[in-house]
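data12.pdb (PDB, C-alpha atoms, pLDDT in the B column) appears below.
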ATOM      1  CA  MET A 228      20.806  -3.710  77.758  1.00 46.00           C
ATOM      2  CA  ARG A 229      24.393  -2.974  76.897  1.00 48.00           C
ATOM      3  CA  ILE A 230      24.858  -5.694  74.272  1.00 46.00           C
ATOM      4  CA  ARG A 231      24.145  -3.430  71.281  1.00 47.00           C
ATOM      5  CA  PRO A 232      26.760  -0.780  72.133  1.00 45.00           C
ATOM      6  CA  ILE A 233      29.392  -3.488  72.729  1.00 43.00           C
ATOM      7  CA  CYS A 234      28.565  -5.176  69.406  1.00 40.00           C
ATOM      8  CA  ALA A 235      28.696  -1.840  67.604  1.00 42.00           C
ATOM      9  CA  LEU A 236      32.060  -1.051  69.219  1.00 39.00           C
ATOM     10  CA  ALA A 237      33.441  -4.464  68.238  1.00 41.00           C
ATOM     11  CA  ALA A 238      32.220  -4.049  64.648  1.00 41.00           C
ATOM     12  CA  THR A 239      33.801  -0.583  64.432  1.00 39.00           C
ATOM     13  CA  ALA A 240      37.117  -1.880  65.762  1.00 41.00           C
ATOM     14  CA  ALA A 241      37.092  -4.805  63.296  1.00 39.00           C
ATOM     15  CA  THR A 242      36.385  -2.425  60.410  1.00 37.00           C
ATOM     16  CA  ALA A 243      39.243  -0.124  61.478  1.00 38.00           C
ATOM     17  CA  VAL A 244      41.673  -3.058  61.635  1.00 34.00           C
ATOM     18  CA  ALA A 245      40.578  -4.291  58.202  1.00 36.00           C
ATOM     19  CA  LEU A 246      40.958  -0.833  56.661  1.00 33.00           C
ATOM     20  CA  ALA A 247      44.404  -0.372  58.213  1.00 36.00           C
ATOM     21  CA  ALA A 248      45.530  -3.696  56.728  1.00 36.00           C
ATOM     22  CA  CYS A 249      44.297  -2.740  53.262  1.00 38.00           C
ATOM     23  CA  GLY A 250      45.552   0.811  53.088  1.00 40.00           C
ATOM     24  CA  GLY A 251      47.705   2.831  55.354  1.00 38.00           C
ATOM     25  CA  ASP A 252      50.435   5.392  55.023  1.00 40.00           C
ATOM     26  CA  ASP A 253      53.005   2.797  53.942  1.00 39.00           C
ATOM     27  CA  ASP A 254      54.256   4.701  50.878  1.00 38.00           C
ATOM     28  CA  THR A 255      57.279   2.668  49.813  1.00 34.00           C
ATOM     29  CA  SER A 256      56.968   3.694  46.178  1.00 33.00           C
ATOM     30  CA  ASN A 257      58.172   6.968  44.788  1.00 35.00           C
ATOM     31  CA  GLY A 258      56.310   6.462  41.530  1.00 34.00           C
ATOM     32  CA  ASP A 259      59.428   5.339  39.640  1.00 32.00           C
ATOM     33  CA  THR A 260      58.947   1.615  40.263  1.00 28.00           C
ATOM     34  CA  THR A 261      58.794  -0.571  37.179  1.00 26.00           C
ATOM     35  CA  ALA A 262      57.038  -3.898  36.848  1.00 26.00           C
ATOM     36  CA  ALA A 263      60.428  -5.624  36.869  1.00 29.00           C
ATOM     37  CA  GLN A 264      61.386  -4.037  40.161  1.00 28.00           C
ATOM     38  CA  GLU A 265      58.022  -4.930  41.676  1.00 29.00           C
ATOM     39  CA  THR A 266      58.481  -8.581  40.751  1.00 32.00           C
ATOM     40  CA  ALA A 267      62.175  -8.764  41.607  1.00 36.00           C
ATOM     41  CA  PRO A 268      63.243 -11.651  43.820  1.00 38.00           C
ATOM     42  CA  SER A 269      63.439 -10.760  47.494  1.00 36.00           C
ATOM     43  CA  SER A 270      67.024 -11.994  47.747  1.00 40.00           C
ATOM     44  CA  ARG A 271      70.012 -12.817  45.576  1.00 43.00           C
ATOM     45  CA  THR A 272      69.489 -16.527  46.133  1.00 39.00           C
ATOM     46  CA  GLU A 273      66.099 -16.572  44.418  1.00 41.00           C
ATOM     47  CA  GLN A 274      66.869 -17.455  40.807  1.00 44.00           C
ATOM     48  CA  GLU A 275      64.782 -18.302  37.806  1.00 41.00           C
ATOM     49  CA  SER A 276      65.295 -21.728  36.257  1.00 42.00           C
ATOM     50  CA  GLY A 277      64.652 -20.653  32.684  1.00 45.00           C
ATOM     51  CA  LYS A 278      61.135 -22.105  32.526  1.00 44.00           C
ATOM     52  CA  THR A 279      59.413 -18.998  33.846  1.00 46.00           C
ATOM     53  CA  THR A 280      60.071 -15.389  32.989  1.00 44.00           C
ATOM     54  CA  PRO A 281      59.692 -12.526  35.440  1.00 46.00           C
ATOM     55  CA  ALA A 282      57.570  -9.617  34.266  1.00 54.00           C
ATOM     56  CA  GLY A 283      59.499  -6.695  32.907  1.00 58.00           C
ATOM     57  CA  PRO A 284      62.545  -6.372  30.705  1.00 65.00           C
ATOM     58  CA  LYS A 285      63.794  -9.194  28.520  1.00 77.00           C
ATOM     59  CA  PRO A 286      66.929 -10.990  29.684  1.00 82.00           C
ATOM     60  CA  LYS A 287      70.383 -10.057  28.480  1.00 92.00           C
ATOM     61  CA  THR A 288      71.397 -13.105  26.456  1.00 94.00           C
ATOM     62  CA  ILE A 289      74.861 -14.617  26.128  1.00 96.00           C
ATOM     63  CA  VAL A 290      75.390 -17.276  23.455  1.00 96.00           C
ATOM     64  CA  VAL A 291      78.155 -19.854  23.909  1.00 97.00           C
ATOM     65  CA  ARG A 292      79.491 -21.973  21.023  1.00 96.00           C
ATOM     66  CA  GLY A 293      82.368 -24.393  21.347  1.00 94.00           C
ATOM     67  CA  GLY A 294      82.733 -23.404  24.998  1.00 94.00           C
ATOM     68  CA  GLU A 295      83.391 -19.726  24.094  1.00 94.00           C
ATOM     69  CA  PRO A 296      81.102 -16.695  23.988  1.00 94.00           C
ATOM     70  CA  VAL A 297      79.970 -15.668  20.520  1.00 94.00           C
ATOM     71  CA  GLY A 298      81.711 -12.336  19.886  1.00 90.00           C
ATOM     72  CA  ASP A 299      83.384 -10.405  22.668  1.00 88.00           C
ATOM     73  CA  PRO A 300      82.123 -11.192  26.161  1.00 88.00           C
ATOM     74  CA  PRO A 301      79.317  -8.674  26.743  1.00 91.00           C
ATOM     75  CA  GLU A 302      79.479  -6.009  29.437  1.00 93.00           C
ATOM     76  CA  LEU A 303      76.180  -5.913  31.286  1.00 94.00           C
ATOM     77  CA  GLU A 304      75.674  -2.666  33.193  1.00 95.00           C
ATOM     78  CA  TYR A 305      73.106  -2.012  35.926  1.00 95.00           C
ATOM     79  CA  ASP A 306      72.564   0.385  38.799  1.00 96.00           C
ATOM     80  CA  VAL A 307      72.276  -0.844  42.386  1.00 96.00           C
ATOM     81  CA  GLY A 308      68.717  -1.928  43.066  1.00 96.00           C
ATOM     82  CA  ASN A 309      67.937  -2.933  39.477  1.00 95.00           C
ATOM     83  CA  LEU A 310      66.865  -6.424  38.481  1.00 95.00           C
ATOM     84  CA  VAL A 311      69.567  -8.356  36.632  1.00 95.00           C
ATOM     85  CA  TYR A 312      68.018 -10.888  34.299  1.00 94.00           C
ATOM     86  CA  LEU A 313      70.559 -12.970  32.397  1.00 93.00           C
ATOM     87  CA  SER A 314      70.077 -15.856  29.974  1.00 95.00           C
ATOM     88  CA  VAL A 315      72.863 -18.126  28.706  1.00 97.00           C
ATOM     89  CA  HIS A 316      72.374 -20.390  25.672  1.00 97.00           C
ATOM     90  CA  SER A 317      75.189 -22.919  25.375  1.00 97.00           C
ATOM     91  CA  ASP A 318      76.219 -25.808  23.167  1.00 97.00           C
ATOM     92  CA  VAL A 319      78.332 -27.235  26.019  1.00 97.00           C
ATOM     93  CA  ALA A 320      77.342 -28.328  29.505  1.00 97.00           C
ATOM     94  CA  ASP A 321      78.926 -26.309  32.296  1.00 97.00           C
ATOM     95  CA  GLU A 322      78.154 -24.183  35.318  1.00 97.00           C
ATOM     96  CA  VAL A 323      77.364 -20.510  34.718  1.00 97.00           C
ATOM     97  CA  HIS A 324      78.806 -18.585  37.670  1.00 97.00           C
ATOM     98  CA  VAL A 325      78.357 -14.895  38.544  1.00 97.00           C
ATOM     99  CA  HIS A 326      81.365 -14.030  40.707  1.00 96.00           C
ATOM    100  CA  GLY A 327      80.917 -11.634  43.628  1.00 95.00           C
ATOM    101  CA  TYR A 328      77.274 -12.644  43.919  1.00 95.00           C
ATOM    102  CA  ASP A 329      78.269 -16.303  44.133  1.00 93.00           C
ATOM    103  CA  LEU A 330      75.328 -17.358  42.010  1.00 96.00           C
ATOM    104  CA  SER A 331      75.540 -20.360  39.733  1.00 95.00           C
ATOM    105  CA  ARG A 332      73.345 -22.545  37.569  1.00 97.00           C
ATOM    106  CA  GLU A 333      74.024 -25.618  35.513  1.00 97.00           C
ATOM    107  CA  VAL A 334      73.455 -25.198  31.795  1.00 97.00           C
ATOM    108  CA  PRO A 335      72.992 -28.390  29.751  1.00 97.00           C
ATOM    109  CA  ALA A 336      74.675 -28.899  26.382  1.00 97.00           C
ATOM    110  CA  GLY A 337      72.363 -27.466  23.734  1.00 96.00           C
ATOM    111  CA  GLY A 338      70.242 -25.779  26.382  1.00 97.00           C
ATOM    112  CA  SER A 339      69.810 -22.537  28.198  1.00 97.00           C
ATOM    113  CA  VAL A 340      69.576 -21.253  31.725  1.00 96.00           C
ATOM    114  CA  SER A 341      68.409 -17.979  33.239  1.00 95.00           C
ATOM    115  CA  LEU A 342      69.409 -16.182  36.410  1.00 95.00           C
ATOM    116  CA  SER A 343      67.630 -13.222  37.949  1.00 94.00           C
ATOM    117  CA  PHE A 344      68.623 -11.291  41.026  1.00 96.00           C
ATOM    118  CA  THR A 345      68.743  -7.802  42.455  1.00 96.00           C
ATOM    119  CA  ALA A 346      71.982  -5.911  41.800  1.00 96.00           C
ATOM    120  CA  ASP A 347      72.801  -5.066  45.408  1.00 96.00           C
ATOM    121  CA  ILE A 348      76.619  -5.250  45.373  1.00 96.00           C
ATOM    122  CA  GLU A 349      78.562  -2.501  43.584  1.00 97.00           C
ATOM    123  CA  GLY A 350      81.549  -3.457  41.439  1.00 97.00           C
ATOM    124  CA  ILE A 351      82.685  -5.346  38.360  1.00 97.00           C
ATOM    125  CA  PHE A 352      82.104  -9.101  38.349  1.00 97.00           C
ATOM    126  CA  GLU A 353      83.036 -11.898  35.974  1.00 97.00           C
ATOM    127  CA  ILE A 354      80.368 -14.161  34.500  1.00 97.00           C
ATOM    128  CA  GLU A 355      82.093 -17.449  33.759  1.00 97.00           C
ATOM    129  CA  LEU A 356      81.715 -21.004  32.558  1.00 97.00           C
ATOM    130  CA  GLU A 357      83.133 -22.239  35.821  1.00 97.00           C
ATOM    131  CA  ARG A 358      84.588 -25.645  34.922  1.00 97.00           C
ATOM    132  CA  ARG A 359      86.180 -24.345  31.724  1.00 96.00           C
ATOM    133  CA  GLY A 360      87.409 -21.145  33.357  1.00 96.00           C
ATOM    134  CA  VAL A 361      86.091 -19.125  30.397  1.00 96.00           C
ATOM    135  CA  GLU A 362      84.764 -15.597  30.913  1.00 96.00           C
ATOM    136  CA  ILE A 363      81.490 -15.219  29.013  1.00 97.00           C
ATOM    137  CA  GLY A 364      80.503 -11.784  30.282  1.00 96.00           C
ATOM    138  CA  GLU A 365      81.118  -8.993  32.739  1.00 97.00           C
ATOM    139  CA  LEU A 366      78.607  -7.545  35.187  1.00 97.00           C
ATOM    140  CA  ARG A 367      79.049  -3.894  36.195  1.00 97.00           C
ATOM    141  CA  VAL A 368      76.925  -2.602  39.068  1.00 97.00           C
ATOM    142  CA  ASN A 369      77.038   1.169  39.552  1.00 97.00           C
ATOM    143  CA  PRO A 370      76.064   3.056  42.709  1.00 95.00           C
TER     144      PRO A 370
END

Write out the structure in this file as structure tokens.
Amino acid sequence: MRIRPICALAATAATAVALAACGGDDDTSNGDTTAAQETAPSSRTEQESGKTTPAGPKPKTIVVRGGEPVGDPPELEYDVGNLVYLSVHSDVADEVHVHGYDLSREVPAGGSVSLSFTADIEGIFEIELERRGVEIGELRVNP
């Protein structure tokens, strides 16, 4: 009978498909990938709400008191492709807006908010309390 050879062929084909799905020559990593890059959001619109923290580096934190940044507005510098992870602690309610990336989050009075995204647009961008029109930081993304 020919049933055994057909079953063996089907089992071999299924094993080959399973192995191809698990492994393969798909080398997208050059060995320089960090945990933060591996867990980076897949698009700029995926943002963290402040309740969970992506693996990797700690957020750059901006503190706002009286509707103004404490100290000079910080300059946050990243290279294209890096994960930007920003936290704003504020004593006033407002909208934190990252210009150029058009990302925003509401921050409650006495609360904090976090944003995370991939730096995929080169340039210098204002981070602002939108309704107050107050610059609280500057984002620099280098090539």

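Among A:Phe344, A:Tyr328, A:Tyr312, A:Phe352, the residue with the shortest atom-to-atom distance to A:Arg367, counting only C-alpha atoms, is A:Phe352.
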
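Note that atom CA of A:Leu356 and atom CA of A:His324 are 6.4 Å apart.
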
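Here atom CA of A:Ala336 and atom CA of A:Glu353 stand 21.2 Å from one another.
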
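Nearest to A:Asp299 of all the residues A:Pro335, A:Gly327, A:Gly364, A:Pro286 is A:Gly364, based on all atoms listed in the file.
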
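Shell of A:Asp318 at 8 Å, with all atoms listed in the file counted and residues fewer than 4 places along the chain excluded, is Val291, Arg292, Gly293, Gly294, Pro335, Ala336, Gly337 and Gly338 of chain A.
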
| query | Counting only C-alpha atoms, which residues come within 7 Å of (70.3, -12.0, 38.3), with the point read in the file's coordinates, and could you list them as a PyMOL selection string? | reply | chain A and resi 274+310-313+342-345

| task | Enumerate, as a PyMOL selection string, the residues matched when the PyMOL selection byres ((chain A and resi 369) around 7) is run on the file above. | result | chain A and resi 305-307+349-350+367-368+370
